[in-house]
Amino acid sequence: MHELAVCQSILAQAAAIAAANKADRVQRITLRIGRLAGVEPDLLRAAFPLVAHGTCCEAAILCIETVAVEVECRLCGTTKDVAPNRLLCGSCGTWRVTLRGGDEMRLESLEFAPVSAKEFSHV
Amino acid sequence: MCDVCGCPNLTGHVHVAGAILHAESGKQIEVMQAMLHDNDRQAAHNRAHFDAAGVLVVNLMSSPGAGKTSLLEVTIRALRGRLAIAVIEGDLETENDARRIRAAGANAVQITTGSACHLDATMVHAALHTLALRELDILFIENVGNLVCPAGFDLGQHKNVVLLSVTEGDDKPEKYPVMFRAADLLGITKTDLTEAVGDFQTLRALRHFRHLANPAPMFELCARNGGGMAAWIGWLIGERDRVRPARSMHAHD
């Protein structure tokens, strides 16, 4: 379950970026994960509260954009979405293709809570 | 729907004295950074060490019991007196593999990972400083036996070698595409058992492997009878020669 380690890495980055921006609470974390990245979004969501507990990201919403696996044929130029274990040209069938997307695992953006929200959080 | 303001989002906004602060009112910043940014940075640092020392670093991965340590034992014996080899051993609990490597005649540094399912660049960095890198030709990193987790963590290696033993079945590349896509060489091991296993077809394994758009070479290897070892040793020497010219005068700490 390396998603725990991945989660720890994300939260360490989020905490450092929040501190650099003088924000004390992160309210949204947006990730972009390809289907060929080797990270399972559901496992990441399960790990998130365990790792975020007691941190500036505790109340953050985790938004995960999943990305399809897309290959471009080096022989005929066809571009197509494919299954993660069949990186073949949709037109001529060759495996001589270039991956155009689907292996990314990126922290896209962070959204910090407005300061006033904390002061009036009892309302 | 939120009961207070009728907004379709239950979360992501707060009500402040009658006003609504939507999530959008928070400050949003683009990060666009790898999720394993810190590991990637550490791995790049490790790679700089390896390049400066001119040592080829091979990350050896497979499921448990595919024959990583056995392959290393015969490799060390075959290259004794020709190339200086050391091994960083990742193991959950024991030092068994490190003992076997030392008995074969190479230096072994043990990383006991406890319950961790993979090695990361920080663990490798701690281990590499216990080795005289400049005196080495090849450093193997024997990863934790696991076809899932180790694939995602760059260690600073030059090449990934993934082993698949005939007893595991020829459809493993189809089941574990992330791992097999990362391979710079696929080694089919325990080929002396092919007949006993009965239904393992090397060409079928290769087809599944190519379906990952991976052009890497596939070698059939048998640590027990020496099958395929000449090609494997030849590949290692070729890769070592490619890394060697990178040897520079300014290694850093």
# chains A, B, ... in the order shown; residues from 1 in each chain; ligands from 1

call {"tool": "closest_atom_pairs", "arguments": {"of": "chain A", "to": "chain B", "cutoff": "6 Å", "atoms": "only C-alpha atoms", "output": "CSV"}}
result
residue,atom,partner,partner_atom,distance
A:His2,CA,B:Cys149,CA,5.6
A:Ser9,CA,B:Leu36,CA,5.9
A:Ile10,CA,B:Met35,CA,5.6
A:Gly38,CA,B:Val178,CA,5.9
A:Asn85,CA,B:Pro177,CA,5.4
A:Arg86,CA,B:His211,CA,5.1
A:Leu87,CA,B:Leu212,CA,5.1
A:Trp95,CA,B:Ala213,CA,4.8
A:Arg96,CA,B:Ala213,CA,5.9
A:Met105,CA,B:Met35,CA,5.7
A:Arg106,CA,B:Ala34,CA,4.4
A:Leu107,CA,B:Gln33,CA,5.2
A:Glu108,CA,B:Met32,CA,4.4
A:Ser109,CA,B:Glu30,CA,4.3
A:Leu110,CA,B:Ile29,CA,5.5
A:Glu111,CA,B:Gln28,CA,4.1
A:Phe112,CA,B:Lys27,CA,5.2
A:Ala113,CA,B:Gly26,CA,4.9
A:Pro114,CA,B:Gly26,CA,4.7
A:Phe120,CA,B:Val16,CA,5.9

call {"tool": "residues_around", "arguments": {"residues": "Glu3 (chain A)", "least_positions_apart": "5", "cutoff": "8 Å", "atoms": "only C-alpha atoms", "output": "ChimeraX atom specification"}}
result
/A:39-40,43-44,47

call {"tool": "select_by_dssp", "arguments": {"residues": "chain A", "states": "strand (DSSP E)", "output": "count of residues only"}}
result
38

call {"tool": "closest_residue", "arguments": {"among": "B:Asn160, B:Arg204, B:Arg240, B:Pro217", "to": "Leu60 (chain B)", "atoms": "only C-alpha atoms"}}
result
B:Asn160

call {"tool": "residues_around", "arguments": {"residues": "Leu36 (chain A)", "least_positions_apart": "6", "cutoff": "7 Å", "atoms": "only C-alpha atoms", "output": "mmCIF file with all heavy atoms, in the first residue's frame"}}
result
data_model
loop_
_atom_site.group_PDB
_atom_site.id
_atom_site.type_symbol
_atom_site.label_atom_id
_atom_site.label_comp_id
_atom_site.auth_asym_id
_atom_site.auth_seq_id
_atom_site.Cartn_x
_atom_site.Cartn_y
_atom_site.Cartn_z
ATOM 1 N N VAL A 69 -5.449 6.712 -20.504
ATOM 2 C CA VAL A 69 -4.183 6.380 -21.155
ATOM 3 C C VAL A 69 -4.341 6.639 -22.649
ATOM 4 O O VAL A 69 -5.216 6.071 -23.300
ATOM 5 C CB VAL A 69 -3.824 4.898 -20.912
ATOM 6 C CG1 VAL A 69 -2.491 4.562 -21.580
ATOM 7 C CG2 VAL A 69 -3.774 4.600 -19.420
ATOM 8 N N PRO A 84 -4.786 0.263 -19.839
ATOM 9 C CA PRO A 84 -3.415 0.410 -19.333
ATOM 10 C C PRO A 84 -2.492 -0.757 -19.700
ATOM 11 O O PRO A 84 -1.280 -0.606 -19.680
ATOM 12 C CB PRO A 84 -3.605 0.468 -17.814
ATOM 13 C CG PRO A 84 -5.014 0.913 -17.619
ATOM 14 C CD PRO A 84 -5.787 0.352 -18.769
ATOM 15 N N GLY A 102 -1.484 9.629 -19.290
ATOM 16 C CA GLY A 102 -1.975 8.494 -18.527
ATOM 17 C C GLY A 102 -1.002 7.993 -17.480
ATOM 18 O O GLY A 102 -1.352 7.146 -16.674
ATOM 19 N N ASP A 103 0.236 8.530 -17.486
ATOM 20 C CA ASP A 103 1.174 8.100 -16.442
ATOM 21 C C ASP A 103 1.478 9.238 -15.456
ATOM 22 O O ASP A 103 2.368 9.142 -14.641
ATOM 23 C CB ASP A 103 2.465 7.545 -17.050
ATOM 24 C CG ASP A 103 3.244 8.606 -17.818
ATOM 25 O OD1 ASP A 103 2.669 9.665 -18.146
ATOM 26 O OD2 ASP A 103 4.437 8.362 -18.098
ATOM 27 N N VAL B 178 2.278 -1.395 -14.864
ATOM 28 C CA VAL B 178 3.128 -0.277 -14.436
ATOM 29 C C VAL B 178 4.559 -0.768 -14.212
ATOM 30 O O VAL B 178 5.532 -0.148 -14.669
ATOM 31 C CB VAL B 178 2.564 0.389 -13.161
ATOM 32 C CG1 VAL B 178 3.470 1.521 -12.704
ATOM 33 C CG2 VAL B 178 1.156 0.920 -13.428
#

call {"tool": "atom_distance", "arguments": {"atom1": "CA of Ala19 (chain A)", "atom2": "CA of Ala59 (chain A)"}}
result
16.2 Å

call {"tool": "residues_around", "arguments": {"residues": "Ala127 (chain B)", "least_positions_apart": "3", "cutoff": "12 Å", "atoms": "only C-alpha atoms", "output": "number ranges by chain"}}
result
B: 46, 86-90, 107-112, 119-124, 130-133, 139-141, 155

call {"tool": "select_by_dssp", "arguments": {"residues": "region 12-53 of chain A", "states": "alpha helix (DSSP H)", "output": "count of residues only"}}
result
21

call {"tool": "atom_distance", "arguments": {"atom1": "CA of Ile64 (chain A)", "atom2": "CA of Leu4 (chain A)"}}
result
15.6 Å

call {"tool": "closest_residue", "arguments": {"among": "A:Gly93, A:Arg32, A:Cys57, A:Pro41", "to": "Ala16 (chain A)", "atoms": "only C-alpha atoms"}}
result
A:Cys57

call {"tool": "atom_distance", "arguments": {"atom1": "CA of Glu73 (chain B)", "atom2": "CA of Leu203 (chain B)"}}
result
26.9 Å

call {"tool": "closest_residue", "arguments": {"among": "A:Gln8, A:Asn21, A:Thr55, A:Thr79", "to": "Gly101 (chain A)", "atoms": "only C-alpha atoms"}}
result
A:Thr79

call {"tool": "residues_around", "arguments": {"residues": "Glu104 (chain A)", "least_positions_apart": "4", "cutoff": "7 Å", "atoms": "only C-alpha atoms", "output": "list of chain:residue names"}}
result
A:Arg32, A:Ile33, A:Gly34, A:Ala37

call {"tool": "write_last_selection", "arguments": {"atoms": "N, CA, C and O atoms", "output": "CSV table (one decimal), in the first residue's frame"}}
result
chain,number,residue,atom,x,y,z
A,32,ARG,N,-3.9,15.1,-10.2
A,32,ARG,CA,-4.2,14.6,-11.5
A,32,ARG,C,-3.4,13.3,-11.6
A,32,ARG,O,-2.2,13.2,-11.5
A,33,ILE,N,-4.2,12.2,-11.8
A,33,ILE,CA,-3.6,10.8,-11.7
A,33,ILE,C,-4.0,10.1,-13.0
A,33,ILE,O,-5.2,9.8,-13.3
A,34,GLY,N,-3.0,9.6,-13.7
A,34,GLY,CA,-3.2,8.8,-14.9
A,34,GLY,C,-3.5,7.4,-14.5
A,34,GLY,O,-3.1,6.9,-13.4
A,37,ALA,N,-0.5,5.3,-13.8
A,37,ALA,CA,0.5,5.9,-12.8
A,37,ALA,C,0.8,4.9,-11.7
A,37,ALA,O,1.8,5.1,-11.0

call {"tool": "closest_residue", "arguments": {"among": "A:Val51, A:Val82, A:Arg35, A:Leu88", "to": "Ala12 (chain A)", "atoms": "only C-alpha atoms"}}
result
A:Val51
